[in-house]
Amino acid sequence: MVAERTEFPFAVRVVENFFIPLPDGTRLAARGWFPEGAGPVPAILEYLPYRKRDGTRPRDQAMHHYLAGHGYASIRLDIRGTGDSEGLIDDEYSVREQLDGCDAIAWIAAQEWCDGQVAMIGISWGGFNGLQIAARQPPALKTIITVGSTDDRYATDIHWVGGCLSKDNFDWSATMFAHNDLPPDPEIVGEAWRDMWRQRMAHNEPWILNWLNHQRRDDYWKQGSVCEDFSKIKVPVYAVSGWADNYSEAVPRLLAGLSVPRLGLIGPWAHSYPHDVAVEPAIGWLQEVLRWCDHWMKGRDTGIMNEPMLRAWVQESVPPQTCYDERPGRWVGEAQWPSPRIHTEALFLNQGGSLAKSSVQGSSSVCSPLWVGVAAGEVGRYGGDAEWPPDQREDDGGSLVFISEPLTERVEILGAPTITLSFSSDKPQALVCARLNDVAPDGRSTRVTYGLLNLTHRDSHEHPEPLVPGQRAQAVVEMDDIAHAFPPGHRIAVSISTTYWPVAWPSPELATVNVFCGETALNLPVRPPSPDDAKLRVFDPPEMAPLPPVTRHEVEQTHPRRVVRDLLSGRMVVDFPRWTYSKEMHDIGQVQRSNAFARYEIIDGDPLSATLITEYDVEMVRPDATITHRSKGRLTCDATHFIIQMELTIGENGETVFERHWHEKRIARDMV
């Protein structure tokens, strides 16, 4: 439970809106929290497209008021073309967005209430653009705090995970499609709101049309991927994520790649700030933000840079279930990353299904049914909730499984397990999913981590090559970083499948992959215990500023979270509810409602039957008008193309004011 702090060192003055002018005449809308009587102070900027006025309002108040109360000018800024900002938005993480951010930082630094120093903080989108803007080196930017983000837009975002088409690619496009044509607030922008709204409606395009035209790791994805040149970032970086958030693997990569002062923090959390979590233990995250910013912008010795470079929560073994309110474990620390203390232990995937230090050669083949993956759970990028996969024995029924003898002693890992895979395929295209599981003495199997690889990308995401059927090849399958403890008596297992629906879109044909046993190995990052772990500073309890007055009403989900598998027809349906809520914001007199879902359908045996359906129904009730957005999307495929359909209807006070349709947009498959 997060405590609400009501007393602060400084009284806080809230400015509901002010505009930041850009060189091209466009104005970005900002909300600000200012410490009264503090004089010029450093500023902390959060830069997002998610509508400061009515979108992120509650959590903005809780965080930014807290930071301002401790002596910072804290600012929440709408990206160009979103919320109450002027202009139009074309895509995520664009060059225009980054340059606007640099200009906004320069303007903030020049204000009389700012001492010339600016930090950026953000989760997800705001974590991305913090890294990207830091790489552009605006002079006033002194540090960034990036949470739940990635350094690699191609391989570890929502688009092409391991070169496979991620379930979230079209799904996230549909989410932003339902967001990008919402109008600004006339209480902020005045009579111009309607013209701005019309421009947004006419400009709104499904971003998936662009994303599917870049199926390789080309210049489009390299732009904004700071891993292309870590040396461009010259300011200190605090990188944070959670093991239940699929962006966690970026934290170790940033620590390894950057040369600036840096810290990493990974807890058991989902896609959330660490003080306000669905998965305990929460920590006093805002206090950590103050310790970091006080050190780098106020010259105070907070002790934060005397602590280990990486602090991570080592998760204890738990029985498989779809929801955990907390994950038992403990904090550990590593003074540097990569850590010289961590060693790689190789376990061979052997003929007969054993997983052992000694090699037994042979071969085993697998052609997985398309139901492998329906028990994969959510992939961890949607809000603060998390959903873990259930018992892995069902998916293992369609996979190759290699399992160790019961452990005689505890084994702890910290880092990214990999599979060095020696294989052949009977088709020119194939994918693999490798899962690392913790098997209890009673047989229950808990997924620890997993990795995907499009095997045509075995040597390069930029230059994929088709497989030669029957020809031996090698690949490395990288799993997501994790910290996990395997207890004595448990067994370590690796499962390999050629499908993982709906997490990965299937290859055009069902492929049979032959694994050369005894040559293929699991590489585990084993971490020995350290007595220094017990000496780590204990985090403060979580706290934040009071939330604004908001009433949340129950909404019946049209498509609750559900998996349906018809054993007679082979049809499988996997439903994910998306933004489904109703909130009444009393301080601005508005109600906002949303009901949305993503549905994944497939028929076993037919990879070309893969279908994704999205629907979004958004309603904004304001004193002057009721605005509605209704959109539907559909992604299907044949052997050579992806096929996209979209429908959009926008209403005002019950009357349709805009409609548009995208019919049968075909985009060629490029070894996906």
# chains A, B, ... in the order shown; residues from 1 in each chain; ligands from 1
>>> residues_around(residues="region 32-41 of chain A", least_positions_apart="4", cutoff="8 Å", atoms="only C-alpha atoms", output="number ranges by chain")
A: 10-18, 64-65, 68-76, 112-117
>>> write_last_selection(atoms="N, CA and C atoms", output="PDB file, in the first residue's frame")
ATOM      1  N   PHE A  10       8.320  22.089   0.886  1.00  0.00           N
ATOM      2  CA  PHE A  10       7.850  23.284   0.189  1.00  0.00           C
ATOM      3  C   PHE A  10       6.362  23.149  -0.140  1.00  0.00           C
ATOM      4  N   ALA A  11       5.640  24.251  -0.011  1.00  0.00           N
ATOM      5  CA  ALA A  11       4.285  24.305  -0.553  1.00  0.00           C
ATOM      6  C   ALA A  11       4.380  24.249  -2.075  1.00  0.00           C
ATOM      7  N   VAL A  12       3.373  23.703  -2.708  1.00  0.00           N
ATOM      8  CA  VAL A  12       3.417  23.476  -4.154  1.00  0.00           C
ATOM      9  C   VAL A  12       2.341  24.297  -4.853  1.00  0.00           C
ATOM     10  N   ARG A  13       2.774  25.032  -5.874  1.00  0.00           N
ATOM     11  CA  ARG A  13       1.849  25.780  -6.733  1.00  0.00           C
ATOM     12  C   ARG A  13       1.671  24.987  -8.025  1.00  0.00           C
ATOM     13  N   VAL A  14       0.426  24.675  -8.347  1.00  0.00           N
ATOM     14  CA  VAL A  14       0.128  23.894  -9.541  1.00  0.00           C
ATOM     15  C   VAL A  14      -0.380  24.820 -10.637  1.00  0.00           C
ATOM     16  N   VAL A  15       0.233  24.754 -11.796  1.00  0.00           N
ATOM     17  CA  VAL A  15      -0.222  25.498 -12.972  1.00  0.00           C
ATOM     18  C   VAL A  15      -0.842  24.483 -13.923  1.00  0.00           C
ATOM     19  N   GLU A  16      -2.157  24.577 -14.100  1.00  0.00           N
ATOM     20  CA  GLU A  16      -2.879  23.575 -14.880  1.00  0.00           C
ATOM     21  C   GLU A  16      -2.356  23.477 -16.301  1.00  0.00           C
ATOM     22  N   ASN A  17      -2.017  24.600 -16.896  1.00  0.00           N
ATOM     23  CA  ASN A  17      -1.477  24.546 -18.259  1.00  0.00           C
ATOM     24  C   ASN A  17      -0.643  25.785 -18.539  1.00  0.00           C
ATOM     25  N   PHE A  18       0.476  25.556 -19.218  1.00  0.00           N
ATOM     26  CA  PHE A  18       1.214  26.645 -19.854  1.00  0.00           C
ATOM     27  C   PHE A  18       1.803  26.081 -21.137  1.00  0.00           C
ATOM     28  N   HIS A  64       4.371  14.137  -9.549  1.00  0.00           N
ATOM     29  CA  HIS A  64       4.970  15.445  -9.777  1.00  0.00           C
ATOM     30  C   HIS A  64       4.784  16.389  -8.594  1.00  0.00           C
ATOM     31  N   HIS A  65       3.647  16.306  -7.914  1.00  0.00           N
ATOM     32  CA  HIS A  65       3.458  17.111  -6.714  1.00  0.00           C
ATOM     33  C   HIS A  65       4.497  16.712  -5.657  1.00  0.00           C
ATOM     34  N   ALA A  68       7.902  18.171  -6.642  1.00  0.00           N
ATOM     35  CA  ALA A  68       7.907  19.626  -6.444  1.00  0.00           C
ATOM     36  C   ALA A  68       7.951  19.978  -4.961  1.00  0.00           C
ATOM     37  N   GLY A  69       7.255  19.192  -4.151  1.00  0.00           N
ATOM     38  CA  GLY A  69       7.261  19.446  -2.720  1.00  0.00           C
ATOM     39  C   GLY A  69       8.627  19.284  -2.091  1.00  0.00           C
ATOM     40  N   HIS A  70       9.540  18.624  -2.815  1.00  0.00           N
ATOM     41  CA  HIS A  70      10.905  18.459  -2.329  1.00  0.00           C
ATOM     42  C   HIS A  70      11.893  19.341  -3.080  1.00  0.00           C
ATOM     43  N   GLY A  71      11.385  20.382  -3.750  1.00  0.00           N
ATOM     44  CA  GLY A  71      12.286  21.397  -4.272  1.00  0.00           C
ATOM     45  C   GLY A  71      12.661  21.299  -5.727  1.00  0.00           C
ATOM     46  N   TYR A  72      11.791  20.731  -6.549  1.00  0.00           N
ATOM     47  CA  TYR A  72      12.019  20.672  -7.984  1.00  0.00           C
ATOM     48  C   TYR A  72      10.827  21.264  -8.731  1.00  0.00           C
ATOM     49  N   ALA A  73      11.105  21.899  -9.858  1.00  0.00           N
ATOM     50  CA  ALA A  73      10.027  22.256 -10.780  1.00  0.00           C
ATOM     51  C   ALA A  73       9.725  21.004 -11.589  1.00  0.00           C
ATOM     52  N   SER A  74       8.536  20.467 -11.434  1.00  0.00           N
ATOM     53  CA  SER A  74       8.205  19.187 -12.056  1.00  0.00           C
ATOM     54  C   SER A  74       7.174  19.420 -13.150  1.00  0.00           C
ATOM     55  N   ILE A  75       7.450  18.913 -14.338  1.00  0.00           N
ATOM     56  CA  ILE A  75       6.673  19.292 -15.522  1.00  0.00           C
ATOM     57  C   ILE A  75       6.249  18.052 -16.289  1.00  0.00           C
ATOM     58  N   ARG A  76       4.988  18.034 -16.642  1.00  0.00           N
ATOM     59  CA  ARG A  76       4.412  16.971 -17.492  1.00  0.00           C
ATOM     60  C   ARG A  76       4.028  17.592 -18.819  1.00  0.00           C
ATOM     61  N   GLU A 112      12.809  31.762 -15.376  1.00  0.00           N
ATOM     62  CA  GLU A 112      13.315  32.333 -14.133  1.00  0.00           C
ATOM     63  C   GLU A 112      13.160  31.382 -12.953  1.00  0.00           C
ATOM     64  N   TRP A 113      12.224  30.430 -13.038  1.00  0.00           N
ATOM     65  CA  TRP A 113      12.015  29.485 -11.944  1.00  0.00           C
ATOM     66  C   TRP A 113      12.941  28.268 -12.021  1.00  0.00           C
ATOM     67  N   CYS A 114      13.741  28.194 -13.087  1.00  0.00           N
ATOM     68  CA  CYS A 114      14.664  27.075 -13.270  1.00  0.00           C
ATOM     69  C   CYS A 114      16.100  27.558 -13.123  1.00  0.00           C
ATOM     70  N   ASP A 115      16.936  26.754 -12.499  1.00  0.00           N
ATOM     71  CA  ASP A 115      18.338  27.137 -12.317  1.00  0.00           C
ATOM     72  C   ASP A 115      19.218  26.745 -13.499  1.00  0.00           C
ATOM     73  N   GLY A 116      18.586  26.335 -14.611  1.00  0.00           N
ATOM     74  CA  GLY A 116      19.325  25.992 -15.819  1.00  0.00           C
ATOM     75  C   GLY A 116      19.584  24.513 -15.996  1.00  0.00           C
ATOM     76  N   GLN A 117      19.142  23.689 -15.032  1.00  0.00           N
ATOM     77  CA  GLN A 117      19.345  22.246 -15.106  1.00  0.00           C
ATOM     78  C   GLN A 117      18.006  21.537 -15.289  1.00  0.00           C
TER      79      GLN A 117
END
>>> select_by_dssp(residues="region 251-443 of chain A", states="alpha helix (DSSP H)", output="PyMOL selection string")
chain A and resi 251-257+285-298+393-396
>>> write_last_selection(atoms="N, CA and C atoms", output="PDB file, in the first residue's frame")
ATOM      1  N   VAL A 251      17.908  -3.094 -19.058  1.00  0.00           N
ATOM      2  CA  VAL A 251      18.689  -2.533 -17.950  1.00  0.00           C
ATOM      3  C   VAL A 251      20.113  -3.089 -17.952  1.00  0.00           C
ATOM      4  N   PRO A 252      20.315  -4.410 -17.971  1.00  0.00           N
ATOM      5  CA  PRO A 252      21.699  -4.901 -18.036  1.00  0.00           C
ATOM      6  C   PRO A 252      22.447  -4.447 -19.289  1.00  0.00           C
ATOM      7  N   ARG A 253      21.755  -4.351 -20.414  1.00  0.00           N
ATOM      8  CA  ARG A 253      22.432  -3.896 -21.633  1.00  0.00           C
ATOM      9  C   ARG A 253      22.895  -2.449 -21.507  1.00  0.00           C
ATOM     10  N   LEU A 254      22.058  -1.599 -20.909  1.00  0.00           N
ATOM     11  CA  LEU A 254      22.460  -0.208 -20.708  1.00  0.00           C
ATOM     12  C   LEU A 254      23.647  -0.114 -19.761  1.00  0.00           C
ATOM     13  N   LEU A 255      23.627  -0.896 -18.691  1.00  0.00           N
ATOM     14  CA  LEU A 255      24.748  -0.861 -17.752  1.00  0.00           C
ATOM     15  C   LEU A 255      26.037  -1.298 -18.430  1.00  0.00           C
ATOM     16  N   ALA A 256      25.936  -2.303 -19.300  1.00  0.00           N
ATOM     17  CA  ALA A 256      27.124  -2.812 -19.986  1.00  0.00           C
ATOM     18  C   ALA A 256      27.597  -1.875 -21.091  1.00  0.00           C
ATOM     19  N   GLY A 257      26.667  -1.216 -21.763  1.00  0.00           N
ATOM     20  CA  GLY A 257      27.024  -0.430 -22.939  1.00  0.00           C
ATOM     21  C   GLY A 257      27.409   1.007 -22.666  1.00  0.00           C
ATOM     22  N   TRP A 285      10.176   4.464  -4.251  1.00  0.00           N
ATOM     23  CA  TRP A 285      10.800   4.844  -5.510  1.00  0.00           C
ATOM     24  C   TRP A 285      10.996   6.346  -5.633  1.00  0.00           C
ATOM     25  N   LEU A 286      10.003   7.124  -5.217  1.00  0.00           N
ATOM     26  CA  LEU A 286      10.141   8.574  -5.355  1.00  0.00           C
ATOM     27  C   LEU A 286      11.264   9.100  -4.465  1.00  0.00           C
ATOM     28  N   GLN A 287      11.500   8.446  -3.343  1.00  0.00           N
ATOM     29  CA  GLN A 287      12.650   8.814  -2.527  1.00  0.00           C
ATOM     30  C   GLN A 287      13.959   8.513  -3.263  1.00  0.00           C
ATOM     31  N   GLU A 288      13.985   7.405  -4.040  1.00  0.00           N
ATOM     32  CA  GLU A 288      15.177   7.097  -4.824  1.00  0.00           C
ATOM     33  C   GLU A 288      15.387   8.129  -5.931  1.00  0.00           C
ATOM     34  N   VAL A 289      14.296   8.578  -6.536  1.00  0.00           N
ATOM     35  CA  VAL A 289      14.399   9.637  -7.548  1.00  0.00           C
ATOM     36  C   VAL A 289      15.027  10.883  -6.936  1.00  0.00           C
ATOM     37  N   LEU A 290      14.580  11.249  -5.735  1.00  0.00           N
ATOM     38  CA  LEU A 290      15.146  12.426  -5.069  1.00  0.00           C
ATOM     39  C   LEU A 290      16.615  12.216  -4.723  1.00  0.00           C
ATOM     40  N   ARG A 291      16.975  11.028  -4.252  1.00  0.00           N
ATOM     41  CA  ARG A 291      18.381  10.756  -3.943  1.00  0.00           C
ATOM     42  C   ARG A 291      19.245  10.912  -5.197  1.00  0.00           C
ATOM     43  N   TRP A 292      18.730  10.408  -6.333  1.00  0.00           N
ATOM     44  CA  TRP A 292      19.473  10.501  -7.588  1.00  0.00           C
ATOM     45  C   TRP A 292      19.583  11.955  -8.056  1.00  0.00           C
ATOM     46  N   CYS A 293      18.460  12.653  -8.094  1.00  0.00           N
ATOM     47  CA  CYS A 293      18.470  14.033  -8.602  1.00  0.00           C
ATOM     48  C   CYS A 293      19.190  14.976  -7.648  1.00  0.00           C
ATOM     49  N   ASP A 294      19.052  14.766  -6.341  1.00  0.00           N
ATOM     50  CA  ASP A 294      19.787  15.596  -5.384  1.00  0.00           C
ATOM     51  C   ASP A 294      21.292  15.448  -5.585  1.00  0.00           C
ATOM     52  N   HIS A 295      21.716  14.221  -5.877  1.00  0.00           N
ATOM     53  CA  HIS A 295      23.146  13.986  -6.100  1.00  0.00           C
ATOM     54  C   HIS A 295      23.633  14.702  -7.352  1.00  0.00           C
ATOM     55  N   TRP A 296      22.902  14.524  -8.468  1.00  0.00           N
ATOM     56  CA  TRP A 296      23.411  15.003  -9.750  1.00  0.00           C
ATOM     57  C   TRP A 296      23.060  16.451 -10.056  1.00  0.00           C
ATOM     58  N   MET A 297      22.046  17.020  -9.406  1.00  0.00           N
ATOM     59  CA  MET A 297      21.671  18.399  -9.742  1.00  0.00           C
ATOM     60  C   MET A 297      21.760  19.363  -8.558  1.00  0.00           C
ATOM     61  N   LYS A 298      21.866  18.837  -7.356  1.00  0.00           N
ATOM     62  CA  LYS A 298      21.992  19.724  -6.194  1.00  0.00           C
ATOM     63  C   LYS A 298      23.294  19.514  -5.433  1.00  0.00           C
ATOM     64  N   ARG A 393       3.362 -27.726 -18.393  1.00  0.00           N
ATOM     65  CA  ARG A 393       3.286 -29.090 -18.915  1.00  0.00           C
ATOM     66  C   ARG A 393       2.394 -29.199 -20.147  1.00  0.00           C
ATOM     67  N   GLU A 394       1.384 -28.327 -20.250  1.00  0.00           N
ATOM     68  CA  GLU A 394       0.541 -28.393 -21.447  1.00  0.00           C
ATOM     69  C   GLU A 394       1.336 -27.985 -22.680  1.00  0.00           C
ATOM     70  N   ASP A 395       1.991 -26.810 -22.625  1.00  0.00           N
ATOM     71  CA  ASP A 395       2.801 -26.396 -23.770  1.00  0.00           C
ATOM     72  C   ASP A 395       3.940 -27.371 -24.035  1.00  0.00           C
ATOM     73  N   ASP A 396       4.451 -27.989 -22.968  1.00  0.00           N
ATOM     74  CA  ASP A 396       5.532 -28.960 -23.147  1.00  0.00           C
ATOM     75  C   ASP A 396       5.080 -30.178 -23.956  1.00  0.00           C
TER      76      ASP A 396
END
>>> closest_atom_pairs(of="region 247-356 of chain A", to="region 424-443 of chain A", cutoff="10 Å", atoms="only C-alpha atoms", output="JSON lines")
{"residue": "A:Ser317", "atom": "CA", "partner": "A:Asp438", "partner_atom": "CA", "distance": 7.4}
{"residue": "A:Val318", "atom": "CA", "partner": "A:Asp438", "partner_atom": "CA", "distance": 8.8}
{"residue": "A:Pro319", "atom": "CA", "partner": "A:Ala440", "partner_atom": "CA", "distance": 7.8}
{"residue": "A:Pro320", "atom": "CA", "partner": "A:Asp438", "partner_atom": "CA", "distance": 9.3}
>>> closest_atom_pairs(of="region 458-573 of chain A", to="region 5-8 of chain A", cutoff="7 Å", atoms="only C-alpha atoms", output="JSON lines")
{"residue": "A:Glu543", "atom": "CA", "partner": "A:Arg5", "partner_atom": "CA", "distance": 6.4}
{"residue": "A:Met544", "atom": "CA", "partner": "A:Arg5", "partner_atom": "CA", "distance": 5.8}
{"residue": "A:Ala545", "atom": "CA", "partner": "A:Arg5", "partner_atom": "CA", "distance": 5.1}
{"residue": "A:Pro546", "atom": "CA", "partner": "A:Arg5", "partner_atom": "CA", "distance": 6.6}
>>> write_last_selection(atoms="N, CA and C atoms", output="PDB file, in the first residue's frame")
ATOM      1  N   GLU A 543       5.784   5.886  -0.955  1.00  0.00           N
ATOM      2  CA  GLU A 543       4.890   7.003  -0.674  1.00  0.00           C
ATOM      3  C   GLU A 543       4.769   7.876  -1.902  1.00  0.00           C
ATOM      4  N   MET A 544       3.722   8.696  -1.919  1.00  0.00           N
ATOM      5  CA  MET A 544       3.467   9.610  -3.025  1.00  0.00           C
ATOM      6  C   MET A 544       2.596  10.743  -2.502  1.00  0.00           C
ATOM      7  N   ALA A 545       2.366  11.748  -3.332  1.00  0.00           N
ATOM      8  CA  ALA A 545       1.441  12.820  -2.972  1.00  0.00           C
ATOM      9  C   ALA A 545       0.006  12.320  -3.109  1.00  0.00           C
ATOM     10  N   PRO A 546      -0.949  12.991  -2.468  1.00  0.00           N
ATOM     11  CA  PRO A 546      -2.347  12.560  -2.582  1.00  0.00           C
ATOM     12  C   PRO A 546      -2.845  12.582  -4.028  1.00  0.00           C
TER      13      PRO A 546
END
>>> residues_around(residues="Thr611 (chain A)", least_positions_apart="5", cutoff="12 Å", atoms="only C-alpha atoms", output="VMD selection string")
chain A and resid 167 170 to 171 501 to 502 505 to 506 571 to 575 598 to 603 606 633 to 638 642 to 645
>>> residues_around(residues="region 653-657 of chain A", least_positions_apart="5", cutoff="9 Å", atoms="only C-alpha atoms", output="count of residues only")
4
>>> residues_around(residues="Gly162 (chain A)", least_positions_apart="5", cutoff="12 Å", atoms="only C-alpha atoms", output="MDAnalysis selection string")
chainID A and resid 152:157 215:217 431:434 450:462 464 475:480 503:505 672
>>> write_last_selection(atoms="N, CA and C atoms", output="mmCIF file, in the first residue's frame")
data_model
loop_
_atom_site.group_PDB
_atom_site.id
_atom_site.type_symbol
_atom_site.label_atom_id
_atom_site.label_comp_id
_atom_site.auth_asym_id
_atom_site.auth_seq_id
_atom_site.Cartn_x
_atom_site.Cartn_y
_atom_site.Cartn_z
ATOM 1 N N ASP A 152 16.748 -0.816 -27.770
ATOM 2 C CA ASP A 152 16.698 -1.426 -29.104
ATOM 3 C C ASP A 152 15.247 -1.466 -29.565
ATOM 4 N N ARG A 153 14.892 -0.573 -30.480
ATOM 5 C CA ARG A 153 13.505 -0.463 -30.921
ATOM 6 C C ARG A 153 13.056 -1.663 -31.745
ATOM 7 N N TYR A 154 13.988 -2.366 -32.352
ATOM 8 C CA TYR A 154 13.595 -3.486 -33.211
ATOM 9 C C TYR A 154 13.347 -4.759 -32.409
ATOM 10 N N ALA A 155 14.382 -5.253 -31.772
ATOM 11 C CA ALA A 155 14.351 -6.626 -31.260
ATOM 12 C C ALA A 155 13.738 -6.758 -29.882
ATOM 13 N N THR A 156 13.665 -5.661 -29.120
ATOM 14 C CA THR A 156 13.151 -5.797 -27.757
ATOM 15 C C THR A 156 12.137 -4.714 -27.430
ATOM 16 N N ASP A 157 11.309 -4.370 -28.390
ATOM 17 C CA ASP A 157 10.141 -3.528 -28.141
ATOM 18 C C ASP A 157 8.917 -4.383 -28.460
ATOM 19 N N GLN A 215 10.306 -4.939 -41.856
ATOM 20 C CA GLN A 215 10.355 -6.230 -41.171
ATOM 21 C C GLN A 215 11.775 -6.640 -40.806
ATOM 22 N N ARG A 216 12.755 -5.904 -41.315
ATOM 23 C CA ARG A 216 14.138 -6.134 -40.948
ATOM 24 C C ARG A 216 14.625 -4.984 -40.066
ATOM 25 N N ARG A 217 15.764 -5.197 -39.456
ATOM 26 C CA ARG A 217 16.335 -4.159 -38.587
ATOM 27 C C ARG A 217 17.057 -3.134 -39.466
ATOM 28 N N LEU A 431 10.623 -20.730 -36.929
ATOM 29 C CA LEU A 431 10.978 -20.005 -35.713
ATOM 30 C C LEU A 431 11.091 -21.016 -34.583
ATOM 31 N N VAL A 432 11.765 -20.591 -33.515
ATOM 32 C CA VAL A 432 11.800 -21.400 -32.309
ATOM 33 C C VAL A 432 11.503 -20.516 -31.110
ATOM 34 N N CYS A 433 10.865 -21.134 -30.135
ATOM 35 C CA CYS A 433 10.709 -20.535 -28.816
ATOM 36 C C CYS A 433 11.419 -21.451 -27.830
ATOM 37 N N ALA A 434 12.343 -20.885 -27.068
ATOM 38 C CA ALA A 434 13.050 -21.645 -26.037
ATOM 39 C C ALA A 434 12.602 -21.140 -24.676
ATOM 40 N N TYR A 450 11.986 -16.882 -21.234
ATOM 41 C CA TYR A 450 11.900 -17.488 -22.563
ATOM 42 C C TYR A 450 12.539 -16.558 -23.582
ATOM 43 N N GLY A 451 12.782 -17.107 -24.784
ATOM 44 C CA GLY A 451 13.311 -16.324 -25.889
ATOM 45 C C GLY A 451 12.761 -16.818 -27.210
ATOM 46 N N LEU A 452 12.631 -15.915 -28.155
ATOM 47 C CA LEU A 452 12.135 -16.214 -29.497
ATOM 48 C C LEU A 452 13.216 -15.915 -30.522
ATOM 49 N N LEU A 453 13.228 -16.680 -31.598
ATOM 50 C CA LEU A 453 14.118 -16.370 -32.713
ATOM 51 C C LEU A 453 13.498 -16.837 -34.017
ATOM 52 N N ASN A 454 13.361 -15.915 -34.943
ATOM 53 C CA ASN A 454 13.065 -16.242 -36.333
ATOM 54 C C ASN A 454 14.352 -16.799 -36.922
ATOM 55 N N LEU A 455 14.363 -18.058 -37.308
ATOM 56 C CA LEU A 455 15.607 -18.718 -37.689
ATOM 57 C C LEU A 455 16.191 -18.197 -38.995
ATOM 58 N N THR A 456 15.417 -17.486 -39.796
ATOM 59 C CA THR A 456 16.029 -16.818 -40.945
ATOM 60 C C THR A 456 16.882 -15.637 -40.491
ATOM 61 N N HIS A 457 16.724 -15.225 -39.239
ATOM 62 C CA HIS A 457 17.514 -14.138 -38.649
ATOM 63 C C HIS A 457 18.659 -14.685 -37.795
ATOM 64 N N ARG A 458 19.036 -15.924 -38.022
ATOM 65 C CA ARG A 458 20.012 -16.568 -37.133
ATOM 66 C C ARG A 458 21.359 -15.857 -37.121
ATOM 67 N N ASP A 459 21.717 -15.205 -38.211
ATOM 68 C CA ASP A 459 23.002 -14.493 -38.280
ATOM 69 C C ASP A 459 22.845 -12.984 -38.203
ATOM 70 N N SER A 460 21.657 -12.471 -38.546
ATOM 71 C CA SER A 460 21.495 -11.024 -38.583
ATOM 72 C C SER A 460 20.014 -10.671 -38.670
ATOM 73 N N HIS A 461 19.586 -9.688 -37.863
ATOM 74 C CA HIS A 461 18.237 -9.145 -38.011
ATOM 75 C C HIS A 461 18.159 -8.196 -39.203
ATOM 76 N N GLU A 462 19.301 -7.709 -39.643
ATOM 77 C CA GLU A 462 19.335 -6.766 -40.756
ATOM 78 C C GLU A 462 19.376 -7.471 -42.106
ATOM 79 N N PRO A 464 18.474 -11.094 -43.059
ATOM 80 C CA PRO A 464 18.042 -12.486 -42.883
ATOM 81 C C PRO A 464 18.274 -13.293 -44.158
ATOM 82 N N ALA A 475 22.561 -21.246 -34.363
ATOM 83 C CA ALA A 475 21.919 -20.008 -33.942
ATOM 84 C C ALA A 475 22.075 -19.880 -32.432
ATOM 85 N N VAL A 476 21.932 -18.673 -31.952
ATOM 86 C CA VAL A 476 21.894 -18.408 -30.515
ATOM 87 C C VAL A 476 20.539 -17.798 -30.196
ATOM 88 N N VAL A 477 19.804 -18.449 -29.319
ATOM 89 C CA VAL A 477 18.504 -17.943 -28.878
ATOM 90 C C VAL A 477 18.704 -17.260 -27.532
ATOM 91 N N GLU A 478 18.484 -15.965 -27.494
ATOM 92 C CA GLU A 478 18.656 -15.196 -26.265
ATOM 93 C C GLU A 478 17.332 -15.141 -25.514
ATOM 94 N N MET A 479 17.365 -15.534 -24.262
ATOM 95 C CA MET A 479 16.195 -15.415 -23.405
ATOM 96 C C MET A 479 16.238 -14.082 -22.660
ATOM 97 N N ASP A 480 15.082 -13.665 -22.156
ATOM 98 C CA ASP A 480 15.032 -12.443 -21.363
ATOM 99 C C ASP A 480 15.844 -12.606 -20.088
ATOM 100 N N VAL A 503 1.944 -15.162 -28.953
ATOM 101 C CA VAL A 503 3.065 -14.258 -28.686
ATOM 102 C C VAL A 503 3.840 -13.972 -29.970
ATOM 103 N N ALA A 504 4.022 -14.987 -30.818
ATOM 104 C CA ALA A 504 4.720 -14.828 -32.092
ATOM 105 C C ALA A 504 3.822 -15.301 -33.225
ATOM 106 N N TRP A 505 3.723 -14.490 -34.269
ATOM 107 C CA TRP A 505 2.959 -14.882 -35.467
ATOM 108 C C TRP A 505 3.642 -16.090 -36.102
ATOM 109 N N VAL A 672 9.102 -13.666 -42.679
ATOM 110 C CA VAL A 672 8.443 -13.660 -41.363
ATOM 111 C C VAL A 672 7.271 -14.624 -41.430
#
>>> closest_residue(among="A:Gly224, A:Met201, A:Met176, A:Asp181", to="Phe128 (chain A)", atoms="only C-alpha atoms")
A:Gly224
>>> residues_around(residues="Gly55 (chain A)", least_positions_apart="2", cutoff="12 Å", atoms="only C-alpha atoms", output="PyMOL selection string")
chain A and resi 48-53+57-61+76+78+82-84+179+182+184-185+579+581-585+590-594+620
>>> closest_residue(among="A:Met646, A:Ser124, A:Arg622, A:Pro328", to="Ser272 (chain A)", atoms="only C-alpha atoms")
A:Ser124
>>> closest_residue(among="A:Leu212, A:Pro340, A:Asp229, A:Pro308", to="Trp160 (chain A)", atoms="only C-alpha atoms")
A:Leu212
>>> select_by_dssp(residues="region 344-473 of chain A", states="strand (DSSP E)", output="PyMOL selection string")
chain A and resi 344-349+355-356+362-366+400-403+411-415+418-425+431-439+445-454+473
>>> residues_around(residues="Ser94 (chain A)", least_positions_apart="3", cutoff="10 Å", atoms="only C-alpha atoms", output="PyMOL selection string")
chain A and resi 89-91+97-100+129+132+220+223-224
>>> atom_distance(atom1="CA of Ile133 (chain A)", atom2="CA of Asn246 (chain A)")
22.3 Å
